[in-house]
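What follows is a short report on a single structure.
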Amino acid sequence: MLDFPKLGFSEILGEARLLGEYLRFRGDTLRERASEISGDPRPVLLIPGFMAGDASLYPLGARLRSDGHQVFYAGIWMNADCPAKTLERLSKRIHEVSLQTELKVVIVGHSLGGLYARELARRETALVEQVFLLGSPIKRAAGNTTPFLRPLVAAMRAIHRDCIEDGNNSCRNCGLNLPAGAPSVPEICIYSKTDGIVEWHSCLDEGPLVECVEVDSSHCGIPLNLKTWDEIRTRLSRPAKPARPMQIAARTTRMRALPPRTPHRTRASHHRLTRRNGTAA
């Protein structure tokens with residue numbers, strides 16, 4: 001197992017930048033930046049980080065909507081459930097989004113949500129266009145997260161009966177092991193060397209479709225970072241891709257092949273006509 005530099009108390013103090021990062025992001029949103037980037041509207045699924053919920057990604061979602069994209073949330077109040085159960089629900093969610101929009105889905109995951117986004121891209125390659133991993137500790141390593149998270153992890157283990165071990169190893173109960181090879185869809189890893197929660201080396205992935213982009217941000221503020229937004233926005237300016245065109249065509253053909261439904265009024269009229277002619281109904 002890899003051994004990364006340990007994060008200490010001074011690094012986690014840097015997370016206090018979050019308020020300033022939020023205010024800058026909101027101010028930039030209200031100012032409506034001059035550089036307009038046109039592109040096809042996309043369905044975008046947002047997955048929050050550990051112990052966070054959908055609300056933590058509302059500012060990013062609002063900005064994506066202002067660019068014309070369809071934003072879908074994971075339906076997570078607090079991301080601390082069993083990884084296997086969470087992935088099962090997210091798989092259903094991405095199928096719903098793809099079926100509704102008939103487009104491949106862009107997934108943006110923050111921290112632990114990025115690990116789920118990456119795994120979804122591996123499992124549901126036909127439904128995923130690209131994934132953005134925001135400060136996600138991809139690599140299994142000693143010290144890839146701050147030790148100050150351990151009490152929270154311990155509390156979650158107690159609630160879920162040891163289901164969450166430490167984020168680096170496979171789940172004790174369900175056997176789920178998230179870290180694996182990069183998916184066969186474009187993967188953009190956005191990381192910060194001043195991250196106070198996740199050791200930045202663990203956020204770097206390797207693969208032919210992997211891009212790693214550095215931003216200057218706290219861990220919690222990566223979804224609110226202006227460079228993060230520029231990277232996401234620029235890549236979403238490219239043409240969208242349809243999802244499962246053959247299956248969509250087959251479903252449409254089956255619907256057209258069904259016999260037309262006879263209206264109730266027509267059946268009643270036919271009944272009266274046969275009685276008038278003296279035949280059995």
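By order in the structure tokens, chains are A, B, ...; within a chain, residues start at 1; ligands start at 1, following the order shown.
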Run DSSP on the backbone of this structure and report the residues of region 180-251 of chain A it assigns to helix (DSSP H, G or I), as a VMD selection string. chain A and resid 200 to 203 222 to 224 226 to 235 245 to 251
Within 12 Å of Lys92 (chain A), counting only C-alpha atoms, which residues show up once you throw out same-chain ones fewer than 3 positions away? Write them as a VMD selection string, please. chain A and resid 74 to 75 85 to 89 95 to 99 120 123 to 124 127
Written selection (all heavy atoms) as a short mmCIF file (atom, residue, chain, number, x, y, z; two decimals), in the first residue's frame:
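What follows is the written file out00.cif:
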```cif
data_model
loop_
_atom_site.label_atom_id
_atom_site.label_comp_id
_atom_site.auth_asym_id
_atom_site.auth_seq_id
_atom_site.Cartn_x
_atom_site.Cartn_y
_atom_site.Cartn_z
N ALA A 74 -28.60 13.28 -6.25
CA ALA A 74 -28.53 11.85 -5.92
C ALA A 74 -29.63 11.41 -4.97
O ALA A 74 -29.87 10.21 -4.82
CB ALA A 74 -27.15 11.54 -5.31
N GLY A 75 -30.28 12.36 -4.31
CA GLY A 75 -31.30 11.98 -3.33
C GLY A 75 -30.67 11.53 -2.02
O GLY A 75 -31.19 10.66 -1.34
N LYS A 85 -25.15 -0.33 -0.78
CA LYS A 85 -26.53 0.15 -0.88
C LYS A 85 -26.59 1.48 -1.61
O LYS A 85 -27.49 1.72 -2.43
CB LYS A 85 -27.14 0.29 0.52
CG LYS A 85 -27.32 -1.02 1.26
CD LYS A 85 -27.89 -0.78 2.65
CE LYS A 85 -28.04 -2.08 3.41
NZ LYS A 85 -28.53 -1.84 4.79
N THR A 86 -25.63 2.35 -1.31
CA THR A 86 -25.60 3.65 -1.98
C THR A 86 -25.40 3.49 -3.48
O THR A 86 -26.08 4.14 -4.29
CB THR A 86 -24.48 4.52 -1.38
OG1 THR A 86 -24.70 4.68 0.02
CG2 THR A 86 -24.46 5.89 -2.05
N LEU A 87 -24.49 2.62 -3.88
CA LEU A 87 -24.24 2.41 -5.30
C LEU A 87 -25.44 1.80 -6.00
O LEU A 87 -25.74 2.12 -7.15
CB LEU A 87 -23.02 1.52 -5.49
CG LEU A 87 -21.68 2.24 -5.63
CD1 LEU A 87 -20.53 1.25 -5.63
CD2 LEU A 87 -21.65 3.09 -6.90
N GLU A 88 -26.15 0.93 -5.31
CA GLU A 88 -27.35 0.33 -5.90
C GLU A 88 -28.40 1.40 -6.18
O GLU A 88 -29.02 1.43 -7.25
CB GLU A 88 -27.91 -0.73 -4.96
CG GLU A 88 -29.13 -1.45 -5.51
CD GLU A 88 -29.66 -2.51 -4.56
OE1 GLU A 88 -29.02 -2.75 -3.52
OE2 GLU A 88 -30.72 -3.09 -4.86
N ARG A 89 -28.58 2.32 -5.22
CA ARG A 89 -29.55 3.40 -5.43
C ARG A 89 -29.10 4.35 -6.53
O ARG A 89 -29.91 4.81 -7.35
CB ARG A 89 -29.75 4.17 -4.12
CG ARG A 89 -30.49 3.40 -3.05
CD ARG A 89 -30.94 4.31 -1.93
NE ARG A 89 -29.81 4.89 -1.22
CZ ARG A 89 -29.26 4.36 -0.13
NH1 ARG A 89 -29.74 3.23 0.36
NH2 ARG A 89 -28.26 4.96 0.47
N HIS A 95 -30.10 5.26 -14.31
CA HIS A 95 -30.99 4.67 -15.32
C HIS A 95 -32.22 5.55 -15.51
O HIS A 95 -32.69 5.73 -16.64
CB HIS A 95 -31.38 3.26 -14.91
CG HIS A 95 -30.38 2.22 -15.30
ND1 HIS A 95 -30.43 1.54 -16.50
CD2 HIS A 95 -29.28 1.73 -14.66
CE1 HIS A 95 -29.43 0.69 -16.59
NE2 HIS A 95 -28.71 0.79 -15.48
N GLU A 96 -32.78 6.07 -14.41
CA GLU A 96 -33.94 6.95 -14.51
C GLU A 96 -33.61 8.21 -15.30
O GLU A 96 -34.39 8.63 -16.17
CB GLU A 96 -34.41 7.33 -13.10
CG GLU A 96 -34.99 6.18 -12.29
CD GLU A 96 -35.23 6.57 -10.84
OE1 GLU A 96 -34.84 7.71 -10.47
OE2 GLU A 96 -35.76 5.74 -10.10
N VAL A 97 -32.47 8.80 -14.99
CA VAL A 97 -32.07 10.04 -15.66
C VAL A 97 -31.84 9.80 -17.15
O VAL A 97 -32.28 10.56 -18.01
CB VAL A 97 -30.81 10.62 -15.01
CG1 VAL A 97 -30.28 11.80 -15.81
CG2 VAL A 97 -31.09 11.03 -13.57
N SER A 98 -31.15 8.71 -17.49
CA SER A 98 -30.86 8.41 -18.88
C SER A 98 -32.14 8.10 -19.66
O SER A 98 -32.30 8.52 -20.81
CB SER A 98 -29.89 7.23 -18.96
OG SER A 98 -29.62 6.89 -20.30
N LEU A 99 -33.05 7.37 -19.04
CA LEU A 99 -34.31 7.04 -19.70
C LEU A 99 -35.15 8.28 -19.93
O LEU A 99 -35.79 8.44 -20.96
CB LEU A 99 -35.08 6.02 -18.85
CG LEU A 99 -36.34 5.43 -19.48
CD1 LEU A 99 -36.02 4.62 -20.73
CD2 LEU A 99 -37.06 4.54 -18.47
N LEU A 120 -19.69 4.10 -10.89
CA LEU A 120 -20.85 4.10 -11.78
C LEU A 120 -20.42 4.13 -13.24
O LEU A 120 -21.02 3.47 -14.09
CB LEU A 120 -21.75 5.31 -11.48
CG LEU A 120 -22.63 5.24 -10.24
CD1 LEU A 120 -23.30 6.58 -10.01
CD2 LEU A 120 -23.67 4.14 -10.37
N ARG A 123 -19.42 0.66 -14.18
CA ARG A 123 -20.54 -0.28 -14.26
C ARG A 123 -21.52 0.06 -15.37
O ARG A 123 -22.11 -0.83 -15.98
CB ARG A 123 -21.29 -0.32 -12.92
CG ARG A 123 -20.48 -0.82 -11.76
CD ARG A 123 -21.34 -0.91 -10.51
NE ARG A 123 -20.61 -1.39 -9.37
CZ ARG A 123 -21.17 -1.73 -8.21
NH1 ARG A 123 -22.50 -1.64 -8.07
NH2 ARG A 123 -20.44 -2.16 -7.21
N GLU A 124 -21.76 1.34 -15.57
CA GLU A 124 -22.80 1.79 -16.50
C GLU A 124 -22.16 2.61 -17.62
O GLU A 124 -22.59 3.72 -17.92
CB GLU A 124 -23.84 2.63 -15.75
CG GLU A 124 -24.43 2.00 -14.51
CD GLU A 124 -25.37 0.84 -14.84
OE1 GLU A 124 -25.66 0.62 -16.03
OE2 GLU A 124 -25.82 0.16 -13.91
N LEU A 127 -24.19 4.44 -20.24
CA LEU A 127 -25.06 5.54 -19.83
C LEU A 127 -24.30 6.79 -19.41
O LEU A 127 -24.91 7.83 -19.16
CB LEU A 127 -25.94 5.10 -18.64
CG LEU A 127 -26.77 3.83 -18.83
CD1 LEU A 127 -27.61 3.59 -17.59
CD2 LEU A 127 -27.65 3.92 -20.06
#
```
Do a neighbour search on Leu134 (chain A) at 8 Å with only C-alpha atoms, toss out local chain neighbours closer than 3 positions, and write the hits as a VMD selection string. chain A and resid 108 to 111 114 189 to 191 222 to 223
Which value, in Å to one decimal, gives the distance between CA of Pro43 (chain A) and CA of Leu103 (chain A)?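 Distance between the two atoms: 7.2 Å.
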With distances taken over only C-alpha atoms, which residue among A:Val213, A:Val106, A:Leu57, A:Leu112 lies nearest Asp81 (chain A)?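 That would be A:Leu112, the residue with the smallest distance to Asp81 (chain A).
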Could you find all residues in region 12-144 of chain A that DSSP calls strand (DSSP E) from the backbone, and write them as a ChimeraX atom specification? /A:43-47,70-73,105-110,128-134,141-142
Who sits within 10 Å of Glu129 (chain A), only C-alpha atoms, same chain under 6 positions skipped, as a list in words: Arg42, Pro43, Val44, Leu103, Lys104, Val105, Val106, Ile107, Ala121, Ser184, Val185, Pro186, Glu187, Ala240, Lys241, Pro242 and Ala243 of chain A
Calculate how many Å separate CA of Phe25 (chain A) from CA of Arg238 (chain A), rounding to one decimal.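 That distance, rounded to one decimal, is 23.5 Å.
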Enter the distance from CA of Gly196 (chain A) to CA of Glu15 (chain A), in Å, rounded to one decimal.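 Taking CA of Gly196 (chain A) and CA of Glu15 (chain A), their separation equals 6.1 Å.
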Which residues are near region 76-78 of chain A? Cut-off 12 Å, only C-alpha atoms, ignore same chain within fewer than 5 positions. Put them as a short mmCIF file (atom, residue, chain, number, x, y, z; two decimals) with all heavy atoms, in the first residue's frame.
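Result file follows (around_16.cif):
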```
data_model
loop_
_atom_site.label_atom_id
_atom_site.label_comp_id
_atom_site.auth_asym_id
_atom_site.auth_seq_id
_atom_site.Cartn_x
_atom_site.Cartn_y
_atom_site.Cartn_z
N LEU A 45 -25.69 14.58 -13.10
CA LEU A 45 -26.00 14.00 -11.80
C LEU A 45 -24.92 14.42 -10.82
O LEU A 45 -23.73 14.21 -11.05
CB LEU A 45 -26.06 12.47 -11.90
CG LEU A 45 -26.29 11.70 -10.60
CD1 LEU A 45 -27.66 12.04 -10.01
CD2 LEU A 45 -26.17 10.20 -10.84
N LEU A 46 -25.34 15.00 -9.68
CA LEU A 46 -24.42 15.49 -8.66
C LEU A 46 -24.46 14.56 -7.44
O LEU A 46 -25.55 14.27 -6.92
CB LEU A 46 -24.79 16.92 -8.25
CG LEU A 46 -24.82 17.96 -9.38
CD1 LEU A 46 -25.21 19.32 -8.81
CD2 LEU A 46 -23.48 18.04 -10.09
N ILE A 47 -23.28 14.13 -6.98
CA ILE A 47 -23.18 13.21 -5.84
C ILE A 47 -22.33 13.88 -4.76
O ILE A 47 -21.17 14.21 -5.00
CB ILE A 47 -22.56 11.87 -6.24
CG1 ILE A 47 -23.31 11.27 -7.45
CG2 ILE A 47 -22.59 10.90 -5.08
CD1 ILE A 47 -22.71 9.98 -7.96
N PRO A 48 -22.88 14.07 -3.54
CA PRO A 48 -22.15 14.77 -2.49
C PRO A 48 -21.08 13.90 -1.83
O PRO A 48 -21.01 12.69 -2.05
CB PRO A 48 -23.25 15.13 -1.48
CG PRO A 48 -24.25 14.02 -1.66
CD PRO A 48 -24.24 13.69 -3.13
N GLY A 49 -20.26 14.55 -1.01
CA GLY A 49 -19.17 13.86 -0.34
C GLY A 49 -19.59 13.21 0.96
O GLY A 49 -20.77 13.23 1.35
N PHE A 50 -18.61 12.64 1.67
CA PHE A 50 -18.84 11.93 2.92
C PHE A 50 -19.46 12.86 3.95
O PHE A 50 -19.00 13.98 4.16
CB PHE A 50 -17.51 11.37 3.44
CG PHE A 50 -17.60 10.66 4.75
CD1 PHE A 50 -18.42 9.55 4.89
CD2 PHE A 50 -16.89 11.10 5.84
CE1 PHE A 50 -18.51 8.89 6.10
CE2 PHE A 50 -16.96 10.45 7.05
CZ PHE A 50 -17.77 9.33 7.19
N MET A 51 -20.53 12.39 4.59
CA MET A 51 -21.27 13.11 5.62
C MET A 51 -21.97 14.35 5.10
O MET A 51 -22.52 15.13 5.88
CB MET A 51 -20.34 13.50 6.79
CG MET A 51 -19.76 12.33 7.55
SD MET A 51 -21.01 11.42 8.50
CE MET A 51 -21.37 12.59 9.79
N ALA A 52 -21.97 14.57 3.79
CA ALA A 52 -22.65 15.72 3.19
C ALA A 52 -23.89 15.25 2.45
O ALA A 52 -24.08 14.04 2.22
CB ALA A 52 -21.72 16.47 2.25
N GLY A 53 -24.75 16.19 2.08
CA GLY A 53 -25.97 15.87 1.36
C GLY A 53 -26.07 16.65 0.07
O GLY A 53 -25.17 17.43 -0.29
N ASP A 54 -27.19 16.46 -0.62
CA ASP A 54 -27.39 17.15 -1.90
C ASP A 54 -27.25 18.66 -1.76
O ASP A 54 -26.77 19.34 -2.69
CB ASP A 54 -28.79 16.83 -2.44
CG ASP A 54 -28.93 15.39 -2.89
OD1 ASP A 54 -27.89 14.75 -3.16
OD2 ASP A 54 -30.07 14.90 -2.97
N ALA A 55 -27.64 19.21 -0.60
CA ALA A 55 -27.62 20.67 -0.42
C ALA A 55 -26.22 21.24 -0.58
O ALA A 55 -26.07 22.40 -0.96
CB ALA A 55 -28.20 21.03 0.94
N SER A 56 -25.19 20.44 -0.30
CA SER A 56 -23.82 20.95 -0.42
C SER A 56 -23.45 21.26 -1.86
O SER A 56 -22.49 22.01 -2.11
CB SER A 56 -22.83 19.93 0.15
OG SER A 56 -22.81 18.74 -0.63
N LEU A 57 -24.21 20.72 -2.82
CA LEU A 57 -23.92 20.94 -4.24
C LEU A 57 -24.99 21.82 -4.91
O LEU A 57 -24.99 21.96 -6.13
CB LEU A 57 -23.81 19.60 -4.97
CG LEU A 57 -22.65 18.71 -4.49
CD1 LEU A 57 -22.69 17.36 -5.21
CD2 LEU A 57 -21.31 19.38 -4.71
N LYS A 85 -25.15 -0.33 -0.78
CA LYS A 85 -26.53 0.15 -0.88
C LYS A 85 -26.59 1.48 -1.61
O LYS A 85 -27.49 1.72 -2.43
CB LYS A 85 -27.14 0.29 0.52
CG LYS A 85 -27.32 -1.02 1.26
CD LYS A 85 -27.89 -0.78 2.65
CE LYS A 85 -28.04 -2.08 3.41
NZ LYS A 85 -28.53 -1.84 4.79
N THR A 86 -25.63 2.35 -1.31
CA THR A 86 -25.60 3.65 -1.98
C THR A 86 -25.40 3.49 -3.48
O THR A 86 -26.08 4.14 -4.29
CB THR A 86 -24.48 4.52 -1.38
OG1 THR A 86 -24.70 4.68 0.02
CG2 THR A 86 -24.46 5.89 -2.05
N LEU A 87 -24.49 2.62 -3.88
CA LEU A 87 -24.24 2.41 -5.30
C LEU A 87 -25.44 1.80 -6.00
O LEU A 87 -25.74 2.12 -7.15
CB LEU A 87 -23.02 1.52 -5.49
CG LEU A 87 -21.68 2.24 -5.63
CD1 LEU A 87 -20.53 1.25 -5.63
CD2 LEU A 87 -21.65 3.09 -6.90
N ARG A 89 -28.58 2.32 -5.22
CA ARG A 89 -29.55 3.40 -5.43
C ARG A 89 -29.10 4.35 -6.53
O ARG A 89 -29.91 4.81 -7.35
CB ARG A 89 -29.75 4.17 -4.12
CG ARG A 89 -30.49 3.40 -3.05
CD ARG A 89 -30.94 4.31 -1.93
NE ARG A 89 -29.81 4.89 -1.22
CZ ARG A 89 -29.26 4.36 -0.13
NH1 ARG A 89 -29.74 3.23 0.36
NH2 ARG A 89 -28.26 4.96 0.47
N LEU A 90 -27.79 4.63 -6.58
CA LEU A 90 -27.28 5.52 -7.61
C LEU A 90 -27.37 4.90 -9.00
O LEU A 90 -27.61 5.61 -9.99
CB LEU A 90 -25.83 5.90 -7.30
CG LEU A 90 -25.62 6.83 -6.10
CD1 LEU A 90 -24.13 6.99 -5.79
CD2 LEU A 90 -26.25 8.20 -6.35
N ARG A 93 -30.78 5.45 -10.08
CA ARG A 93 -30.96 6.87 -10.38
C ARG A 93 -30.43 7.21 -11.76
O ARG A 93 -31.09 7.93 -12.53
CB ARG A 93 -30.23 7.70 -9.31
CG ARG A 93 -30.39 9.20 -9.47
CD ARG A 93 -31.80 9.62 -9.23
NE ARG A 93 -31.93 11.07 -9.18
CZ ARG A 93 -32.98 11.73 -9.63
NH1 ARG A 93 -33.99 11.07 -10.18
NH2 ARG A 93 -33.04 13.04 -9.53
N LEU A 112 -16.02 11.52 -1.49
CA LEU A 112 -16.54 10.15 -1.57
C LEU A 112 -17.51 10.00 -2.74
O LEU A 112 -17.57 8.95 -3.39
CB LEU A 112 -17.24 9.77 -0.26
CG LEU A 112 -17.92 8.41 -0.20
CD1 LEU A 112 -16.93 7.28 -0.43
CD2 LEU A 112 -18.65 8.22 1.13
N GLY A 113 -18.27 11.05 -3.03
CA GLY A 113 -19.17 11.02 -4.18
C GLY A 113 -18.45 10.79 -5.48
O GLY A 113 -18.99 10.20 -6.41
N MET A 156 -19.96 6.16 12.06
CA MET A 156 -20.70 5.51 10.99
C MET A 156 -20.56 3.99 11.06
O MET A 156 -21.50 3.25 10.76
CB MET A 156 -20.20 6.01 9.63
CG MET A 156 -20.53 7.46 9.33
SD MET A 156 -22.32 7.83 9.44
CE MET A 156 -22.44 8.56 11.07
#
```
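The residue that comes closest to Asp40 (chain A), out of A:Arg24, A:Asp67, A:Glu199, A:Ala62 and on the basis of only C-alpha atoms, is A:Asp67.
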